[in-house]
Structure formats: structure tokens, C-alpha cells
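K.L.:
Sending over a structure as C-alpha cells; questions will come in a sec.
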Amino acid sequence: MTTVEFEPWDDPQEKPLIHFQNVTKKFGEFTAIDNLTIDIYEREFYALLGPSGCGKTTLMRMLAGFETPTTGKILLAGQDIAPVPPNKRATNMMFQSYALFPHLSIWENIAFGLKREGMAKPDINNRVDEMLRLTRLEQFARRKPHQISGGQRQRVALARSLAKAPKLLLLDEPLGALDKKLRQETQFELMDIQEKTGTTFVIVTHDQEEAMTVASRVAVMDHGKIIQVATPDRIYETPNSVYVADFIGDVNIIEGTTSAAGEDSYSIDWADGLAPLKATSSVSFSDGQKCHLAIRPEKVAISTDKPEGAANTVQGRVLDIAYLGNISTYHVELPSGEVIKAQAANTRRISRRSYTWEDTVWLSWTATAGVLLAS
Amino acid sequence: MNKTSWFNVVSLTLGFAFLYIPMIILIIFSFNESKLVTVWAGFSTKWYGELLHNEAFLNAAWVTIKVAVFSSTIATVLGTMAAYVLVRGGRFMGRTLFSGMIYAPLVMPEVITGLSLLLLFIGIGLDRGVLTIVLAHSTFSMCYVSVVVSSRLVTFDRSLEEAALDLGCSAAQAFRLVTLPIIAPAVISGWLLAFTLSLDDLVIASFTTGPSATTLPIRIFSAVRLGVSPEINALSTIMIAIVTFGVITASLITKHQMVRQKREEQEAVRS
Ligand SMILES: Nc1ncnc2c1ncn2[C@@H]1O[C@H](COP(=O)(O)OP(=O)(O)OP(=O)(O)O)[C@@H](O)[C@H]1O
Ligand SMILES: [Mg+2]
């Protein structure tokens with residue numbers, strides 16, 4: 001991993017490689033991309049995350065040149081790319097549907113782009129072999145796409161897009177069909193390639209863990225809009241909306257109303273008969289404003305006795321336990337009917353677990369554990 | 001299926017009898033020893049031998065084959081191009097009209113096609129002969145090719161062409177290196193269809209031919225008016241064989257190749 005901080009988006013001197021400027025894409029009446037403005041910097045690993053149909057593929061297709069924005073501009077290194085046809089763009093795309101050429105062998109599929117470049121025969125051979133090795137497809141080189149498995153096809157598609165070593169690589173769900181181990185290995189290969197070649201990656205993924213692992217920044221989309229763009233840790237720790245908090249990882253959302261309780265600190269009325277919750281927030285809230293407190297389950301501690309000195313404590317009954325191996329998630333029902341999830345590491349054997357179904361337990365968290373969100 | 005009913009058996013038998021008895025009789029009598037077509041006098045292949053010495057028939061056969069090869073090739077090129085534009089061209093002004101118009105010659109009475117082509121050739125002062133028949137045949141068989149090819153193209157995964165563009169192909173290269181190899185079976189069966197259509201066309205050829213170019217169907221037709229000879233039976237049998245071969249090959253290619261290719265193509269994309 002790089003030791004130097006890589007944060008070009010915080011540097012006002014830095015010029016973005018790709019700049020979407022108020023880009024809207026409509027298919028007939030339907031708006032697939034809605035007035036979107038983003039910057040992607042050179043050498044970034046930019047992950048697009050969002051529910052199915054939110055416009056991720058459409059955004060990529062505009063970068064590759066298969067769709068033109070209905071309004072707005074896309075600049076690549078400062079130049080409007082609208083007039084540049086797909087075959088003249090220094091980008092390669094890995095298609096969500098793979099789009100492997102059925103009449104060509106795996107080897108020829110990977111060599112296809114290199115041959116168009118007019119690369120010399122021995123160089124093509126070397127490059128294709130390198131790609132085959134990288135994606136562990138050596139023994140399938142002579143087969144046709146219909147003679148290999150789904151995960152292998154996905155790797156062929158990946159190898160084919162990597163082969164030309166473009167400046168900008170667009171990967172539409174590149175690893176979805178791979179098993180976990182191979183997926184992780186390939187993720188590291190991709191990061192390695194990225195570091196060696198300085199390629200800029202834009203990657204679509206449905207796997208948050210993947211986005212967290214590989215991405216320099218994560219963009220969360222919904223209905224053709226970007227909801228938040230930030231580094232993985234900031235997306236996770238300080239989501240800007242309930243939507244993002246809920247989309248990335250597991251979260252408890254508690255609704256309430258705020259009242260000021262000192263500088264950057266608020267108390268939240270949230271349930272009748274229960275003490276208000278304490279939370280800090282750098283965003284200011286007015287008194288009586290509706291708010292949502294988002295707390296990650298791993299930041300909620302669970303105990304049999306009431307913990308001393310915790311900012312927030314609530315009592316409840318264990319409703320359900322989800323055992324995940326290294327950790328367990330406890331679903332605890334409060335007297336008000338709300339269910340709060342708490343996570344605890346399984347440091348003991350399961351038979352010696354301290355809490356079980358129907359036990360009364362205490363949940364506690366600090367004032368800084370949660371994020372206070374307006375919407 | 002439940003038990004085959006009598007009605008089905010009878011209608012099937014009648015239907016096939018109606019279709020094939022004339023042809024079977026023709027084929028049988030082509031092997032007749034006798035000069036009289038209606039009297040069986042023993043098996044012989046002598047009329048096939050005679051054919052080889054009949055200059056008029058051999059010339060006509062040569063003209064027919066030339067016409068069929070050239071016209072089906074032209075029709076295949078034009079028909080494939082038309083199909084590609086109509087399926088892939090996106091929406092352009094009058095697209096629906098054009099795609100309707102391309103099917104019109106399929107239902108147009110041949111007499112009218114022939115007559116209008118004749119008028120055109122006279123109008124532009126083109127001497128009638130092999131060239132005019134080739135043009136006429138290309139015109140009417142082109143739409144058959146385009147129907148066959150476009151039915152293949154609509155099921156063709158567009159992203160394959162996009163992938164080719166993405167990897168640096170020009171539009172023409174993408175067509176040559178990706179689209180054409182994949183739709184090739186449809187193009188070939190289109191060519192075979194056009195070839196057989198040209199081979200047995202009498203009406204349009206009669207309208208557009210000149211004294212220098214007599215095709216086999218025209219020669220047979222005029223010979224028959226002077227009486228049917230066993231030689232003609234033999235010739236017709238050969239033509240039946242060629243046409244049958246062409247049609248069967250075309251449909252086999254369509255069935256097997258295209259089914260296989262489509263499966264491969266579907267498997268090559270994510271299921
Ligand atoms: N050519 C098109 N014509 C009409 N609508 C389209 C077209 N392409 C995409 N859309 C619509 O635009 C929206 C965004 O599509 P897109 O393919 O970008 O989604 P996505 O975010 O990639 O989804 P997924 O995660 O399922 O791949 C969808 O609602 C889709 O139906
Ligand atoms: Mg998509």
C-alpha cells in the first residue's frame with residue numbers, strides 16, 4: 001500500500017482526469033442520470049455503489065462513448081470527449097454482460113484489442129500470456145467462451161479489458177461471479193496493477209466489502225444522482241444521509257428530535273418514558289428538529305449489568321442472535337418496541353456465551369459513537 | 001400426443017400425394033427407355049446421356065448458373081446491408097416505411113415485378129441479356145436474403161459490437177471481424193435461398209431476357225410447348241435435385257449452425 005497520502009481531491013491545485021459537469025442522460029422520458037457533477041482524479045480507484053438500475057452502467061457507457069449525455073459535458077483531461085468515438089478513446093471497458101466474442105478462442109479474445117493496435121506478434125504473445133497467468137486461465141487459452149464456466153468467462157472479460165493497459169479502465173462488476181478467495185486475490189492483483197501502471201479505475205460493484213478494500217473513493221448513487229462521494233472510511237464513519245448509512249453496512253437508525261446540550265452536542269428525545277440520548281455533531285441542529293441517529297452495531301456494547309459512566313444506556317430483551325463465526329449480532333428489543341442491533345466478538349466458545357434468547361441486557365454507546373443525520 | 005386419428009393420417013397422405021406425385025412421376029419417367037413419355041418401356045439413363053450432347057440445353061444451363069451465382073451474390077451483399085441498416089440503424093426518418101417496403105417484393109406478383117423491370121430496362125436503354133436477368137433476379141431475391149439476415153440480427157447481442165469498438169475497431173472492422181463471422185450462417189443460407197430462387201425463375205426471366213440469353217426454365221418451357229420429351233424429364237429431374245439440395249442445405253445450416261451459434265453466444269454473455 002502507498003505510504004504517501006493519496007488525496008488529490010483535497011488538493012485545489014490538482015486537475016481531475018475526468019470531470020462530469022451537470023450531466024443528464026435521458027432515455028425517452030426516463031432520466032437515468034440526473035444532473036450529475038463529479039470529479040475523478042488520475043490514479044484513482046473510484047468505486048460506484050448503488051442499487052440495481054440507479055445508473056452505474058449508464059455512467060460508464062458515457063465514459064466509454066456508447067451513450068452521449070442528453071445535457072452537460074464530460075471532460076477528459078480538460079477536453080470535451082463528446083466528439084471522440086469509442087474506438088479512439090484511451091479507455092477500455094469490461095462489460096457487465098462480458099460480451100466475449102463467441103467465435104474466437106479465449107486467447108484470441110484477449111489478443112483482439114492488441115491486434116487492432118498493430119502490436120508486433122511476439123509482443124502480443126507475451127502480453128496475452130501475461131494476462132492469462134494473471135487471471136489463471138492458462139489451461140483454457142484454446143477453448144471457446146461457451147466451453148468454460150461463468151467465473152472463468154468473467155476473468156476472460158477482465159483480462160481482455162486489462163490487456164491494452166489503457167489510461168482509464170471501466171470495470172462493470174468485474175468480480176461478482178468469483179468465489180471469495182479468488183475475488184480477494186483478484187482485488188489485490190487489480191490494486192497491484194493500478195499501483196504499477198498508474199491506471200485510473202472506475203469500478204462498479206455490489207459488494208461493499210470490495211468497494212471498501214480497493215477503492216480510493218466510493219460514490220454512492222441512487223436514482224441517477226450521486227448521494228455521497230468520500231473515502232471508504234468516511235463513507236462508513238460519517239455518512240451524509242440515512243440512505244448512505246443504511247446502504248453501506250449494518251446500522252441502527254433511531255428517530256427523534258434534537259435539543260441543544262452544549263457546544264456541538266445534542267440531546268435527543270426519542271421514546272416516551274426513556275431518557276434522552278446524547279450525541280455530538282459538527283452539523284448544527286435547531287431545537288425540536290427531526291433527526292436520525294445512525295449507530296453501527298459494532299459500536300454498541302452489550303452487557304448484563306448496567307455499565308457505569310456510559311453516555312447512553314438502554315435496557316432490553318434479546319430477541320435474536322445471528323452467529324457469524326468471529327462475531328455475533330444481538331437483536332435487542334427495547335420496551336418501546338424498537339429493535340437495536342449490537343455486535344460482540346465471540347471471544348469465548350459458543351456454549352459459554354453470556355447472553356441468550358430472552359435475557360435482559362443493557363446496551364450502551366458513547367456520545368461520539370453515532371452520526372446525527374437530518375434526513 | 002394421443003393416438004393418431006384416421007382423419008390426420010388421411011389428410012397427411014392426401015396432402016403429400018398432391019404435392020409430390022407429379023414430381024415422382026416426372027422423375028420416374030426421366031428413366032424411361034421409350035421416347036413416348038407416357039409409355040413405360042424399361043429403365044434407362046440414356047436421356048441423361050442425350051442431354052450432354054444437346055447444345056441448346058447446355059448453353060441454357062450455363063446461362064442459368066451464371067445468372068444464379070451473380071444475382072444471388074449481389075442479392076446477398078445488398079440484402080445483408082439492408083438488414084443491417086434496418087436492424088441496427090437506430091431510428092431514422094421513414095424507418096418503418098423502409099422495413100415495410102423491403103418485404104413488399106415478397107408478395108408482389110411476379111408478372112408485375114417482371115413487367116416493371118422490363119419497362120425500366122427499356123426506359124434506360126439497357127440491352128436485354130444476361131446482365132438484365134442478373135439485375136432483375138438480384139432485385140427480387142434481395143428481400144429474401146434481408147428477411148433471413150435481419151431475423152438473425154435482431155437476436156444478436158449488441159454489446160459484442162460495442163466491445164469490438166471499445167477494443168479499437170472502426171465500425172467497418174467491427175462488422176467484418178465480429179458481426180459477419182457470427183451471422184455468417186444466416187448470410188450463407190440467404191445466398192442459397194437466392195440461388196435456388198434464381199435457378200427456377202421463369203416469369204421474371206422471360207420478361208427481362210433477350211435473344212442472347214435463354215435460361216433453362218425458359219428453354220424447357222418453350223420446348224414443352226412442342227411436346228414433352230424424356231430429355232426434358234431428365235433435365236427437370238436434375239433441377240429438382242439441385243434445388244432440393246440447395247433448400248435442404250440452407251435449412252440445415254439455418255437450423256444447426258444458427259441454433260448452435262446462438263447458444264454459444266448466449267452462453268458467452270452472463271446468463
Ligand atoms: N437503452 C436504454 N433505454 C432505456 N432505458 C435504459 C437504457 N439503458 C438503461 N436504461 C435504464 O436506465 C436505468 C439505469 O440503468 P443502468 O444499466 O445504468 O443501471 P445499473 O445501475 O447499471 O444497474 P445494475 O446494478 O442492475 O447493473 C435503468 O432503470 C434502466 O432501465
Ligand atoms: Mg449495470
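Chains: A, B, ... in order of the C-alpha cells. Residues: from 1 per chain. Ligands: from 1, in order shown.
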Name each residue within 8 Å of ligand 2, counting only C-alpha atoms and all ligand atoms, as a PyMOL selection string.
P.N.:
chain A and resi 52-53+55-58+96+172-173+204
K.L.:
Within 12 Å of ligand 1, which residues of chain A come that close, and what is the closest atom pair and distance in Å for each? Count only C-alpha atoms and all ligand atoms and give it as JSON lines.
P.N.:
{"residue": "A:Thr24", "atom": "CA", "partner": "ligand 1", "partner_atom_place_in_ligand_line": "12 (O)", "distance": 11.6}
{"residue": "A:Lys25", "atom": "CA", "partner": "ligand 1", "partner_atom_place_in_ligand_line": "12 (O)", "distance": 8.8}
{"residue": "A:Lys26", "atom": "CA", "partner": "ligand 1", "partner_atom_place_in_ligand_line": "5 (N)", "distance": 7.9}
{"residue": "A:Phe27", "atom": "CA", "partner": "ligand 1", "partner_atom_place_in_ligand_line": "4 (C)", "distance": 4.7}
{"residue": "A:Gly28", "atom": "CA", "partner": "ligand 1", "partner_atom_place_in_ligand_line": "4 (C)", "distance": 7.1}
{"residue": "A:Glu29", "atom": "CA", "partner": "ligand 1", "partner_atom_place_in_ligand_line": "4 (C)", "distance": 9.0}
{"residue": "A:Phe30", "atom": "CA", "partner": "ligand 1", "partner_atom_place_in_ligand_line": "5 (N)", "distance": 6.8}
{"residue": "A:Thr31", "atom": "CA", "partner": "ligand 1", "partner_atom_place_in_ligand_line": "12 (O)", "distance": 7.2}
{"residue": "A:Ala32", "atom": "CA", "partner": "ligand 1", "partner_atom_place_in_ligand_line": "12 (O)", "distance": 4.4}
{"residue": "A:Ile33", "atom": "CA", "partner": "ligand 1", "partner_atom_place_in_ligand_line": "14 (C)", "distance": 7.5}
{"residue": "A:Asp34", "atom": "CA", "partner": "ligand 1", "partner_atom_place_in_ligand_line": "14 (C)", "distance": 10.7}
{"residue": "A:Leu48", "atom": "CA", "partner": "ligand 1", "partner_atom_place_in_ligand_line": "21 (O)", "distance": 8.8}
{"residue": "A:Leu49", "atom": "CA", "partner": "ligand 1", "partner_atom_place_in_ligand_line": "21 (O)", "distance": 8.3}
{"residue": "A:Gly50", "atom": "CA", "partner": "ligand 1", "partner_atom_place_in_ligand_line": "21 (O)", "distance": 6.6}
{"residue": "A:Pro51", "atom": "CA", "partner": "ligand 1", "partner_atom_place_in_ligand_line": "25 (O)", "distance": 5.9}
{"residue": "A:Ser52", "atom": "CA", "partner": "ligand 1", "partner_atom_place_in_ligand_line": "26 (O)", "distance": 3.6}
{"residue": "A:Gly53", "atom": "CA", "partner": "ligand 1", "partner_atom_place_in_ligand_line": "19 (O)", "distance": 3.4}
{"residue": "A:Cys54", "atom": "CA", "partner": "ligand 1", "partner_atom_place_in_ligand_line": "21 (O)", "distance": 4.0}
{"residue": "A:Gly55", "atom": "CA", "partner": "ligand 1", "partner_atom_place_in_ligand_line": "18 (O)", "distance": 3.1}
{"residue": "A:Lys56", "atom": "CA", "partner": "ligand 1", "partner_atom_place_in_ligand_line": "21 (O)", "distance": 3.7}
{"residue": "A:Thr57", "atom": "CA", "partner": "ligand 1", "partner_atom_place_in_ligand_line": "22 (O)", "distance": 3.6}
{"residue": "A:Thr58", "atom": "CA", "partner": "ligand 1", "partner_atom_place_in_ligand_line": "18 (O)", "distance": 3.7}
{"residue": "A:Leu59", "atom": "CA", "partner": "ligand 1", "partner_atom_place_in_ligand_line": "18 (O)", "distance": 6.4}
{"residue": "A:Met60", "atom": "CA", "partner": "ligand 1", "partner_atom_place_in_ligand_line": "18 (O)", "distance": 7.9}
{"residue": "A:Arg61", "atom": "CA", "partner": "ligand 1", "partner_atom_place_in_ligand_line": "18 (O)", "distance": 8.2}
{"residue": "A:Met62", "atom": "CA", "partner": "ligand 1", "partner_atom_place_in_ligand_line": "18 (O)", "distance": 9.9}
{"residue": "A:Phe66", "atom": "CA", "partner": "ligand 1", "partner_atom_place_in_ligand_line": "1 (N)", "distance": 10.1}
{"residue": "A:Glu67", "atom": "CA", "partner": "ligand 1", "partner_atom_place_in_ligand_line": "1 (N)", "distance": 8.7}
{"residue": "A:Thr68", "atom": "CA", "partner": "ligand 1", "partner_atom_place_in_ligand_line": "1 (N)", "distance": 11.3}
{"residue": "A:Phe95", "atom": "CA", "partner": "ligand 1", "partner_atom_place_in_ligand_line": "27 (O)", "distance": 10.1}
{"residue": "A:Gln96", "atom": "CA", "partner": "ligand 1", "partner_atom_place_in_ligand_line": "27 (O)", "distance": 7.1}
{"residue": "A:Ser97", "atom": "CA", "partner": "ligand 1", "partner_atom_place_in_ligand_line": "27 (O)", "distance": 9.4}
{"residue": "A:Leu171", "atom": "CA", "partner": "ligand 1", "partner_atom_place_in_ligand_line": "22 (O)", "distance": 11.3}
{"residue": "A:Asp172", "atom": "CA", "partner": "ligand 1", "partner_atom_place_in_ligand_line": "22 (O)", "distance": 7.9}
{"residue": "A:Glu173", "atom": "CA", "partner": "ligand 1", "partner_atom_place_in_ligand_line": "27 (O)", "distance": 8.1}
{"residue": "A:Pro174", "atom": "CA", "partner": "ligand 1", "partner_atom_place_in_ligand_line": "27 (O)", "distance": 11.6}
{"residue": "A:Gly176", "atom": "CA", "partner": "ligand 1", "partner_atom_place_in_ligand_line": "25 (O)", "distance": 11.2}
{"residue": "A:Ile203", "atom": "CA", "partner": "ligand 1", "partner_atom_place_in_ligand_line": "22 (O)", "distance": 11.1}
{"residue": "A:Val204", "atom": "CA", "partner": "ligand 1", "partner_atom_place_in_ligand_line": "22 (O)", "distance": 8.0}
{"residue": "A:Thr205", "atom": "CA", "partner": "ligand 1", "partner_atom_place_in_ligand_line": "25 (O)", "distance": 8.0}
{"residue": "A:His206", "atom": "CA", "partner": "ligand 1", "partner_atom_place_in_ligand_line": "25 (O)", "distance": 7.2}
{"residue": "A:Asp207", "atom": "CA", "partner": "ligand 1", "partner_atom_place_in_ligand_line": "25 (O)", "distance": 11.0}
{"residue": "A:Val220", "atom": "CA", "partner": "ligand 1", "partner_atom_place_in_ligand_line": "21 (O)", "distance": 10.8}
{"residue": "A:Met221", "atom": "CA", "partner": "ligand 1", "partner_atom_place_in_ligand_line": "21 (O)", "distance": 8.3}
{"residue": "A:Asp222", "atom": "CA", "partner": "ligand 1", "partner_atom_place_in_ligand_line": "21 (O)", "distance": 8.5}
{"residue": "A:His223", "atom": "CA", "partner": "ligand 1", "partner_atom_place_in_ligand_line": "14 (C)", "distance": 7.9}
{"residue": "A:Gly224", "atom": "CA", "partner": "ligand 1", "partner_atom_place_in_ligand_line": "14 (C)", "distance": 7.3}
{"residue": "A:Lys225", "atom": "CA", "partner": "ligand 1", "partner_atom_place_in_ligand_line": "21 (O)", "distance": 10.8}
{"residue": "A:Ile226", "atom": "CA", "partner": "ligand 1", "partner_atom_place_in_ligand_line": "21 (O)", "distance": 11.7}
K.L.:
Go ahead and save the residues from that selection, with C-alpha atoms, as an mmCIF file, in the first residue's frame.
P.N.:
data_model
loop_
_atom_site.group_PDB
_atom_site.id
_atom_site.type_symbol
_atom_site.label_atom_id
_atom_site.label_comp_id
_atom_site.auth_asym_id
_atom_site.auth_seq_id
_atom_site.Cartn_x
_atom_site.Cartn_y
_atom_site.Cartn_z
ATOM 1 C CA THR A 24 -28.072 14.366 -17.517
ATOM 2 C CA LYS A 25 -28.927 11.287 -19.549
ATOM 3 C CA LYS A 26 -32.471 10.560 -20.556
ATOM 4 C CA PHE A 27 -33.867 7.507 -22.289
ATOM 5 C CA GLY A 28 -37.077 8.924 -23.695
ATOM 6 C CA GLU A 29 -38.907 10.295 -20.689
ATOM 7 C CA PHE A 30 -36.855 8.312 -18.202
ATOM 8 C CA THR A 31 -33.954 10.072 -16.518
ATOM 9 C CA ALA A 32 -31.149 7.583 -15.947
ATOM 10 C CA ILE A 33 -28.522 10.135 -14.888
ATOM 11 C CA ASP A 34 -29.773 13.248 -13.195
ATOM 12 C CA LEU A 48 -19.594 3.194 -7.892
ATOM 13 C CA LEU A 49 -22.063 1.708 -5.485
ATOM 14 C CA GLY A 50 -25.814 1.789 -5.673
ATOM 15 C CA PRO A 51 -28.949 -0.262 -6.060
ATOM 16 C CA SER A 52 -29.793 -2.001 -9.328
ATOM 17 C CA GLY A 53 -30.972 0.397 -12.016
ATOM 18 C CA CYS A 54 -29.528 3.530 -10.419
ATOM 19 C CA GLY A 55 -27.452 4.365 -13.490
ATOM 20 C CA LYS A 56 -23.993 2.921 -12.821
ATOM 21 C CA THR A 57 -23.675 1.176 -16.164
ATOM 22 C CA THR A 58 -25.084 4.203 -17.961
ATOM 23 C CA LEU A 59 -22.422 6.407 -16.377
ATOM 24 C CA MET A 60 -19.708 4.032 -17.550
ATOM 25 C CA ARG A 61 -21.152 3.767 -21.024
ATOM 26 C CA MET A 62 -20.962 7.519 -21.325
ATOM 27 C CA PHE A 66 -21.560 4.330 -26.170
ATOM 28 C CA GLU A 67 -24.002 6.886 -24.838
ATOM 29 C CA THR A 68 -23.897 10.644 -25.186
ATOM 30 C CA PHE A 95 -18.932 -5.229 -19.861
ATOM 31 C CA GLN A 96 -21.386 -6.336 -17.230
ATOM 32 C CA SER A 97 -22.545 -8.969 -19.726
ATOM 33 C CA LEU A 171 -14.947 -2.339 -14.836
ATOM 34 C CA ASP A 172 -18.645 -3.127 -14.570
ATOM 35 C CA GLU A 173 -18.959 -5.657 -11.761
ATOM 36 C CA PRO A 174 -15.686 -7.347 -12.582
ATOM 37 C CA GLY A 176 -19.166 -10.752 -8.981
ATOM 38 C CA ILE A 203 -15.360 0.098 -10.897
ATOM 39 C CA VAL A 204 -18.967 -0.863 -10.316
ATOM 40 C CA THR A 205 -19.589 -3.285 -7.523
ATOM 41 C CA HIS A 206 -22.447 -4.616 -5.469
ATOM 42 C CA ASP A 207 -20.055 -5.836 -2.829
ATOM 43 C CA VAL A 220 -22.960 6.055 -3.569
ATOM 44 C CA MET A 221 -25.655 6.565 -6.183
ATOM 45 C CA ASP A 222 -29.418 6.493 -6.152
ATOM 46 C CA HIS A 223 -31.841 7.189 -8.981
ATOM 47 C CA GLY A 224 -29.202 8.717 -11.223
ATOM 48 C CA LYS A 225 -27.847 11.031 -8.562
ATOM 49 C CA ILE A 226 -24.653 10.907 -6.544
#
K.L.:
Would you list which chain B residues are within 10 Å of chain A using only C-alpha atoms, as a ChimeraX atom specification?
P.N.:
/B:157-171,173,177-179,181-182,261-271
K.L.:
Just want the 10 Å neighbourhood of stretch 207-210 of chain B, counted on only C-alpha atoms, with same-chain residues fewer than 2 positions away dropped. Output as number ranges by chain.
P.N.:
B: 110-122, 127-137, 202-205, 212-215, 218
K.L.:
Excluding stretch 50-54 of chain B and residues on its chain fewer than 3 positions from it, collect all residues at most 12 Å away from it, counting only C-alpha atoms, and give them as a list in words.
P.N.:
Ser30, Lys35, Ser44, Thr45, Lys46, Trp47, Phe57, Leu58, Asn59, Ala60, Ala61, Arg219, Ser229, Pro230, Glu231, Ile232, Asn233, Ala234, Leu235, Ser236, Thr237 and Ile238 of chain B
K.L.:
Would you compute the distance between atom CA of A:Val218 and atom CA of A:Leu63? Give it in Å to one decimal.
P.N.:
17.5 Å
K.L.:
Here is a test: counting only C-alpha atoms, which residue of A:Leu137, A:Ala322, A:Val229, A:Val339 is nearest to A:Val251?
P.N.:
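Among the listed residues, A:Val339 lies closest to A:Val251.
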